[in-house]
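> The following block contains the structure, expressed as structure tokens.
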Amino acid sequence: MPGLHKEKDIIDGCLSGSRRDQELLYRRYAPKLYAVCLQYAGNTEEARDVLQEGFIKIFENLSHFSHEGSFEGWMRRIIVNTALERYRSRYYLSRVDDIDEVTEPEADPDTDDFAGLEAYDLLNMIMELPPKYRMVFNLYAIEGYAHREISEMLGISEGTSKSNLSRARDILQKKVMILTGVTRRMVNV
Amino acid sequence: MFEREPNIDIVFRNGLKNMEVLPPPDVWDNIPHLPARRSRLRVVTGIAAGIAALVSLTLLANWYLRSNNDETRLAELTFPSGELQAVRIDGTASAPVAISDNLPAETAALPAAIDKRADEEVLIAPAVEPARLLADEDMNLSNRNEPGSLPASADDITQIVAGRLTGTTEDQALALTPAIPEATSQRFIVGASMSPSMGFSSGSEDMRLSELMNGERSRPSLTTGLTFGYKISDRLTIQSGIGLSSIGQTITGVDVFAGLSDFYAVKSSYLYSVETASGLILAGNTDLYLADGQERVETRVQGADPSKYQLTQVGDDIQQVFRYLELPLMLRYKVIDSKLGLNLSGGFAYGLLVDNMAYTGTGSDMVQVGYTEGVNIHNLSSQLGLGMEYNISSKISFNLEPVFKYYVTPISDIYGSFYKPYSVGVWSGFFFKF
């Protein structure tokens, strides 16, 4: 009964080398983390490798977890970093023209029109993005990193990060609208 | 007028926030078991503590046995009245004591007489303070010939042998001269020894581990070894060698049945696993059906109930055996150096796992079950022994030495540092000195 096990007990068990607790930890968090892997990897084969490599790092570095923040967040960061490492080693980032100013979409908390979108649809849209757009979009829009941080993570300029984000947003917006049937509406002020 | 577009960032962030996707089932299988990670500081501290304890014990035993010997000698000192009188020596009096000018020459020469021949009972006749006698005994013999010290001559010594005054001859005086130990020239030691031993496990705070240990029983094992030693001094020897040690336990209450492959056959590295304190036994013998009542056995058999098959029971327990090739590094201190000596030994041994097996039944009925997963290939053990050494001749000796052995590193990392068994054995063997 995995749900009955406290997170700290499982972590302690993993630290003492218990294979049973390691499996318990994996079974509990792998589904969420695999979704993250798919977001970054773009295909199931790559995502599977990221998940496997990420969990090995999680077990290896478990003693460094301080129990101060969210454990899930800590694991997620390891998975994201693993995906980034693989990305950096596999893809050559073709530079695009830097854009100094990117038009940020207006904050619009009312996203009810898109509430019907299934998570799987959103995931598929991200997975279909070209890698360079996908990485920047994930890091900026989902993880909340700033362009300066993203530029350091991916070894690109801030301008490139901004332009990649802009391009990713355009592509995703179109896909969302096509899927939901929402077209650009003229709103009378 | 403006275009109303969704905030695409928020749509994706919220939409994917709690998304879960089941990963492919083989991902977990490809994640290797990662052992417990202990800090290097803890290991070093443990080893240092072990060495400190060993040195303390050696010094304590040495002090205790020496003080016992002193009392024995004191009991041999007699007074003119013929009464035997034991006097407790104050430790501070053990420093060399200057001999007063008005003391008779006989008194000053007494230390030489104390180094008695083994086959003679030597009693000191004059009424001399026993403390001074023992203090003088500790003086270096060479100091006695220094200017100002009194020479020891045969005439100065009066001996009482078997209760009679015998006087002293020059021959006897020569015999009293301390001999250089013969052993000093025999610096190397080679020996072979063996030890029946029994392993034990200390209790654990881990509830599951305690449950598992309750269902396990230590099994006797035999350890053999070849020893090579070098005498650093007359009393201290450094030893190494090579040995084959085994530890193991009996996992009780696991019923083992054979014949499963006639009814259920799949391609799998194992069908059953048994959780034990020292790891997970994987039953690679897929002809076996394992069952127990303590939730230790798990199975990969699906869509079948082997308990309903006509199977033959081949055992009701599983023997779990680990054999290690050991390379010890020991220090041996000779506490009593005589024909029947007493040694205190201690040190560490590196062990390399060379055999890991689990079986049921015995003799010709023995059935291989599989092996234990999660057992450390390398280990470090410390051991402490107190042994008797009987010198059969000047070159050959027989040793009998009870040894306590403790595994500094855990046998298995399944339960981390909690599972560190210890064993008690009695080493016996012959040693050849050259």
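Chain labels follow the order of the structure tokens: the first chain is A, the next B, and so on; residue numbering restarts at 1 in every chain, and ligands are counted from 1 in their shown order.
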Would you kindly return, as a list in words, each protein, DNA or RNA residue with an atom no farther than 8 Å from any atom of A:Gly13, considering only C-alpha atoms and excluding same-chain residues fewer than 4 positions away?

Asp9, Gly17, Ser18, Asp21 and Gln22 of chain A; Tyr415 of chain B

> Please produce a file of those selected residues containing all heavy atoms, as a PDB file, in the first residue's frame.


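Contents of selection-v4.pdb, freshly written:
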```
ATOM      1  N   ASP A   9       9.949   8.371   5.302  1.00  0.00           N
ATOM      2  CA  ASP A   9      10.338   6.980   5.556  1.00  0.00           C
ATOM      3  C   ASP A   9      10.885   6.335   4.288  1.00  0.00           C
ATOM      4  O   ASP A   9      11.861   5.578   4.325  1.00  0.00           O
ATOM      5  CB  ASP A   9       9.132   6.175   6.067  1.00  0.00           C
ATOM      6  CG  ASP A   9       8.725   6.627   7.458  1.00  0.00           C
ATOM      7  OD1 ASP A   9       9.548   7.277   8.118  1.00  0.00           O
ATOM      8  OD2 ASP A   9       7.585   6.342   7.860  1.00  0.00           O
ATOM      9  N   GLY A  17      19.650   2.055   1.301  1.00  0.00           N
ATOM     10  CA  GLY A  17      19.900   1.065   0.252  1.00  0.00           C
ATOM     11  C   GLY A  17      18.773   0.083   0.031  1.00  0.00           C
ATOM     12  O   GLY A  17      18.959  -0.907  -0.678  1.00  0.00           O
ATOM     13  N   SER A  18      17.616   0.340   0.615  1.00  0.00           N
ATOM     14  CA  SER A  18      16.512  -0.608   0.456  1.00  0.00           C
ATOM     15  C   SER A  18      15.955  -0.556  -0.967  1.00  0.00           C
ATOM     16  O   SER A  18      15.439   0.467  -1.410  1.00  0.00           O
ATOM     17  CB  SER A  18      15.406  -0.283   1.457  1.00  0.00           C
ATOM     18  OG  SER A  18      14.220  -0.944   1.083  1.00  0.00           O
ATOM     19  N   ASP A  21      12.198   0.230  -1.027  1.00  0.00           N
ATOM     20  CA  ASP A  21      11.824   1.644  -0.904  1.00  0.00           C
ATOM     21  C   ASP A  21      12.153   2.411  -2.182  1.00  0.00           C
ATOM     22  O   ASP A  21      11.445   3.344  -2.549  1.00  0.00           O
ATOM     23  CB  ASP A  21      12.529   2.272   0.300  1.00  0.00           C
ATOM     24  CG  ASP A  21      11.876   1.865   1.603  1.00  0.00           C
ATOM     25  OD1 ASP A  21      10.638   1.793   1.636  1.00  0.00           O
ATOM     26  OD2 ASP A  21      12.580   1.577   2.574  1.00  0.00           O
ATOM     27  N   GLN A  22      13.222   2.001  -2.830  1.00  0.00           N
ATOM     28  CA  GLN A  22      13.553   2.660  -4.097  1.00  0.00           C
ATOM     29  C   GLN A  22      12.439   2.421  -5.110  1.00  0.00           C
ATOM     30  O   GLN A  22      12.046   3.324  -5.850  1.00  0.00           O
ATOM     31  CB  GLN A  22      14.892   2.127  -4.621  1.00  0.00           C
ATOM     32  CG  GLN A  22      16.089   2.664  -3.842  1.00  0.00           C
ATOM     33  CD  GLN A  22      17.407   2.039  -4.264  1.00  0.00           C
ATOM     34  OE1 GLN A  22      17.470   1.229  -5.178  1.00  0.00           O
ATOM     35  NE2 GLN A  22      18.476   2.410  -3.571  1.00  0.00           N
TER      36      GLN A  22
ATOM     37  N   TYR B 415      19.468  -3.223   3.536  1.00  0.00           N
ATOM     38  CA  TYR B 415      18.992  -2.464   4.683  1.00  0.00           C
ATOM     39  C   TYR B 415      20.092  -1.567   5.223  1.00  0.00           C
ATOM     40  O   TYR B 415      20.122  -1.247   6.386  1.00  0.00           O
ATOM     41  CB  TYR B 415      18.470  -3.406   5.770  1.00  0.00           C
ATOM     42  CG  TYR B 415      17.186  -4.038   5.340  1.00  0.00           C
ATOM     43  CD1 TYR B 415      17.174  -5.301   4.774  1.00  0.00           C
ATOM     44  CD2 TYR B 415      15.993  -3.342   5.441  1.00  0.00           C
ATOM     45  CE1 TYR B 415      15.998  -5.859   4.338  1.00  0.00           C
ATOM     46  CE2 TYR B 415      14.812  -3.895   5.000  1.00  0.00           C
ATOM     47  CZ  TYR B 415      14.819  -5.160   4.456  1.00  0.00           C
ATOM     48  OH  TYR B 415      13.655  -5.695   4.009  1.00  0.00           O
TER      49      TYR B 415
END
```

> Please list as an NGL selection string every residue within 8 Å of stretch 30-46 of chain A, counting only C-alpha atoms and excluding residues in the same chain fewer than 6 positions away.

(:A and (76 or 79-80 or 83 or 123 or 126-129 or 131 or 134-135 or 138)) or (:B and (18-23))

> A:Ala168: which residues within 7 Å, counting only C-alpha atoms, same-chain residues fewer than 4 positions away excluded, as a VMD selection string?

chain A and resid 133 to 134 137 164 172

> Next, write the just-selected residues to a file, as a PDB file, in the first residue's frame, keeping N, CA and C atoms as the atom set.


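Just written: again_17.pdb:
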```pdb
ATOM      1  N   TYR A 133      12.698  25.228 -29.822  1.00  0.00           N
ATOM      2  CA  TYR A 133      11.556  25.987 -29.326  1.00  0.00           C
ATOM      3  C   TYR A 133      10.957  25.311 -28.090  1.00  0.00           C
ATOM      4  N   ARG A 134      10.950  23.997 -28.169  1.00  0.00           N
ATOM      5  CA  ARG A 134      10.351  23.226 -27.069  1.00  0.00           C
ATOM      6  C   ARG A 134      11.101  23.462 -25.755  1.00  0.00           C
ATOM      7  N   PHE A 137      10.466  27.060 -24.444  1.00  0.00           N
ATOM      8  CA  PHE A 137       9.093  27.213 -23.975  1.00  0.00           C
ATOM      9  C   PHE A 137       8.890  26.497 -22.625  1.00  0.00           C
ATOM     10  N   ASN A 164      13.146  32.321 -29.674  1.00  0.00           N
ATOM     11  CA  ASN A 164      12.667  30.935 -29.685  1.00  0.00           C
ATOM     12  C   ASN A 164      11.343  30.814 -28.937  1.00  0.00           C
ATOM     13  N   LEU A 172       2.254  27.199 -30.930  1.00  0.00           N
ATOM     14  CA  LEU A 172       1.320  26.574 -29.987  1.00  0.00           C
ATOM     15  C   LEU A 172      -0.043  27.266 -30.035  1.00  0.00           C
TER      16      LEU A 172
END
```

> Taking 5 positions as the minimum chain separation for residues in the same chain, which residues sit within 12 Å of A:Lys6 when counting only C-alpha atoms? Answer as a list in words.

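The residues that qualify are Met1, Ile11, Asp12, Gly13, Asp21, Leu24, Leu25 and Arg28 of chain A.
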
> Take the residues from that selection and put them in a file with all heavy atoms, as a CSV table (one decimal), in the first residue's frame.


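What follows is the written file out-v8.csv:
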```csv
chain,number,residue,atom,x,y,z
A,1,MET,N,0.9,-1.2,0.0
A,1,MET,CA,0.0,0.0,0.0
A,1,MET,C,0.9,1.2,0.0
A,1,MET,O,1.2,1.8,1.0
A,1,MET,CB,-0.9,0.0,1.3
A,1,MET,CG,-1.8,-1.2,1.4
A,1,MET,SD,-3.2,-1.1,0.3
A,1,MET,CE,-4.2,0.0,1.3
A,11,ILE,N,12.2,7.9,1.8
A,11,ILE,CA,13.6,8.5,1.5
A,11,ILE,C,14.6,7.9,2.4
A,11,ILE,O,15.7,7.5,1.9
A,11,ILE,CB,13.5,10.0,1.7
A,11,ILE,CG1,12.6,10.7,0.7
A,11,ILE,CG2,14.9,10.6,1.6
A,11,ILE,CD1,12.3,12.1,0.9
A,12,ASP,N,14.3,7.7,3.6
A,12,ASP,CA,15.3,7.1,4.6
A,12,ASP,C,15.6,5.7,4.1
A,12,ASP,O,16.8,5.2,4.2
A,12,ASP,CB,14.8,7.1,6.0
A,12,ASP,CG,14.8,8.5,6.6
A,12,ASP,OD1,15.4,9.4,6.0
A,12,ASP,OD2,14.1,8.8,7.6
A,13,GLY,N,14.6,5.0,3.7
A,13,GLY,CA,14.8,3.6,3.3
A,13,GLY,C,15.7,3.5,2.0
A,13,GLY,O,16.6,2.7,1.9
A,21,ASP,N,12.2,0.2,-1.0
A,21,ASP,CA,11.8,1.6,-0.9
A,21,ASP,C,12.2,2.4,-2.2
A,21,ASP,O,11.4,3.3,-2.5
A,21,ASP,CB,12.5,2.3,0.3
A,21,ASP,CG,11.9,1.9,1.6
A,21,ASP,OD1,10.6,1.8,1.6
A,21,ASP,OD2,12.6,1.6,2.6
A,24,LEU,N,9.4,1.7,-4.4
A,24,LEU,CA,8.2,2.5,-3.9
A,24,LEU,C,8.2,3.9,-4.3
A,24,LEU,O,7.2,4.5,-4.8
A,24,LEU,CB,8.2,2.4,-2.4
A,24,LEU,CG,6.8,2.4,-1.6
A,24,LEU,CD1,6.0,1.3,-2.2
A,24,LEU,CD2,7.1,2.2,-0.1
A,25,LEU,N,9.4,4.5,-4.2
A,25,LEU,CA,9.6,5.9,-4.6
A,25,LEU,C,9.4,6.1,-6.1
A,25,LEU,O,8.7,7.0,-6.5
A,25,LEU,CB,11.0,6.4,-4.2
A,25,LEU,CG,11.3,7.8,-4.5
A,25,LEU,CD1,10.9,8.7,-3.3
A,25,LEU,CD2,12.8,8.0,-4.8
A,28,ARG,N,5.7,5.7,-7.1
A,28,ARG,CA,4.9,6.9,-6.6
A,28,ARG,C,5.1,8.1,-7.6
A,28,ARG,O,4.2,8.8,-7.9
A,28,ARG,CB,5.3,7.3,-5.2
A,28,ARG,CG,4.5,8.4,-4.7
A,28,ARG,CD,4.8,8.7,-3.2
A,28,ARG,NE,4.2,7.8,-2.3
A,28,ARG,CZ,4.2,7.9,-1.0
A,28,ARG,NH1,4.6,9.0,-0.5
A,28,ARG,NH2,3.6,7.0,-0.2
```

> Fewer than 3 positions away in the same chain doesn't count, so skip those; otherwise give me all residues within 7 Å of B:Met388, counting only C-alpha atoms, as a PyMOL selection string.

chain B and resi 340-343+399-401

> What does the structure give for the distance between atom CA of B:Pro220 and atom CA of B:Met198, in Å to one decimal?

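Straight-line distance from atom CA of B:Pro220 to atom CA of B:Met198 works out to 4.8 Å.
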
> Would you compute the distance between atom CA of B:Ser428 and atom CA of B:Leu222? Give it in Å to one decimal.

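One can read the atom CA of B:Ser428 to atom CA of B:Leu222 distance as 11.7 Å.
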
> As number ranges by chain, which residues of stretch 177-426 of chain B does DSSP assign to strand (DSSP E or B)?

B: 188-200, 216-218, 220-231, 236-258, 272-276, 279-283, 288-292, 297-299, 312-336, 340-360, 367-373, 375, 378-391, 396-407, 412, 422-426

> Can you pull out the residues contacting A:Tyr140? Cut-off 12 Å, using only C-alpha atoms, and skip same-chain residues under 5 positions away; I want them as a list of chain:residue names.

A:Glu104, A:Tyr133, A:Arg134, A:Met135, A:Tyr145, A:Ala146, A:His147, A:Arg148, A:Glu149, A:Ile150, A:Ser151, A:Met153, A:Glu158, A:Ser161, A:Lys162, A:Asn164, A:Leu165, A:Ser166, A:Ala168, A:Arg169, B:Ile8, B:Asp9, B:Ile10, B:Phe12, B:Arg13

> With only C-alpha atoms as the counted atoms, please give the residues lying no more than 10 Å from A:Asp121, apart from itself and same-chain residues fewer than 5 positions off, as a PyMOL selection string.

(chain A and resi 126-127+175-176+179) or (chain B and resi 15-16)

> Limited to C-alpha atoms, could you put the picked residues into a file as a PDB file, in the first residue's frame?


```pdb
ATOM      1  CA  ILE A 126       4.703  20.558 -27.018  1.00  0.00           C
ATOM      2  CA  MET A 127       6.244  17.301 -28.213  1.00  0.00           C
ATOM      3  CA  LYS A 175      -2.443  24.687 -32.705  1.00  0.00           C
ATOM      4  CA  VAL A 176      -4.581  25.460 -29.679  1.00  0.00           C
ATOM      5  CA  LEU A 179      -7.964  22.319 -31.842  1.00  0.00           C
TER       6      LEU A 179
ATOM      7  CA  GLY B  15      -3.022  22.008 -18.281  1.00  0.00           C
ATOM      8  CA  LEU B  16       0.142  20.041 -17.647  1.00  0.00           C
TER       9      LEU B  16
END
```

> Can you work out which one of A:Arg167, A:Lys57, A:Arg19, A:Arg86 has the shortest atom-to-atom distance to chain B, counting only C-alpha atoms?

A:Arg19

> Considering only C-alpha atoms, can you say which of A:Met75, A:Cys14, A:Val136, A:Leu84 comes closest to chain B?

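Between A:Met75, A:Cys14, A:Val136, A:Leu84, the residue approaching chain B most closely is A:Cys14.
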
> So how many Å separate atom CA of B:Gly241 and atom CA of B:Gly385, to one decimal?

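For atom CA of B:Gly241 relative to atom CA of B:Gly385, the distance reads 16.2 Å.
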
> Could you check which of B:Ser246, B:Thr409, B:Gln320, B:Ser381 is closest to B:Ala349, using only C-alpha atoms?

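Between B:Ser246, B:Thr409, B:Gln320, B:Ser381, the residue approaching B:Ala349 most closely is B:Ser381.
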
> Identify which of the residues B:Trp28, B:Tyr264, B:Tyr309, B:Tyr333 lies closest to chain A, counting only C-alpha atoms when measuring atom-to-atom distances.

B:Trp28

> Taking only C-alpha atoms into account, which of A:Glu152, A:Leu139, A:Trp74, A:Met125 comes nearest A:Phe59?

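Looking only at the distances to A:Phe59, the closest residue turns out to be A:Trp74.
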
> In terms of the shortest atom-to-atom distance over only C-alpha atoms, which of B:Gly387, B:Gly425, B:Gly279, B:Gly370 is closest to B:Thr224?

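Counting only C-alpha atoms, the residue closest to B:Thr224 is B:Gly425.
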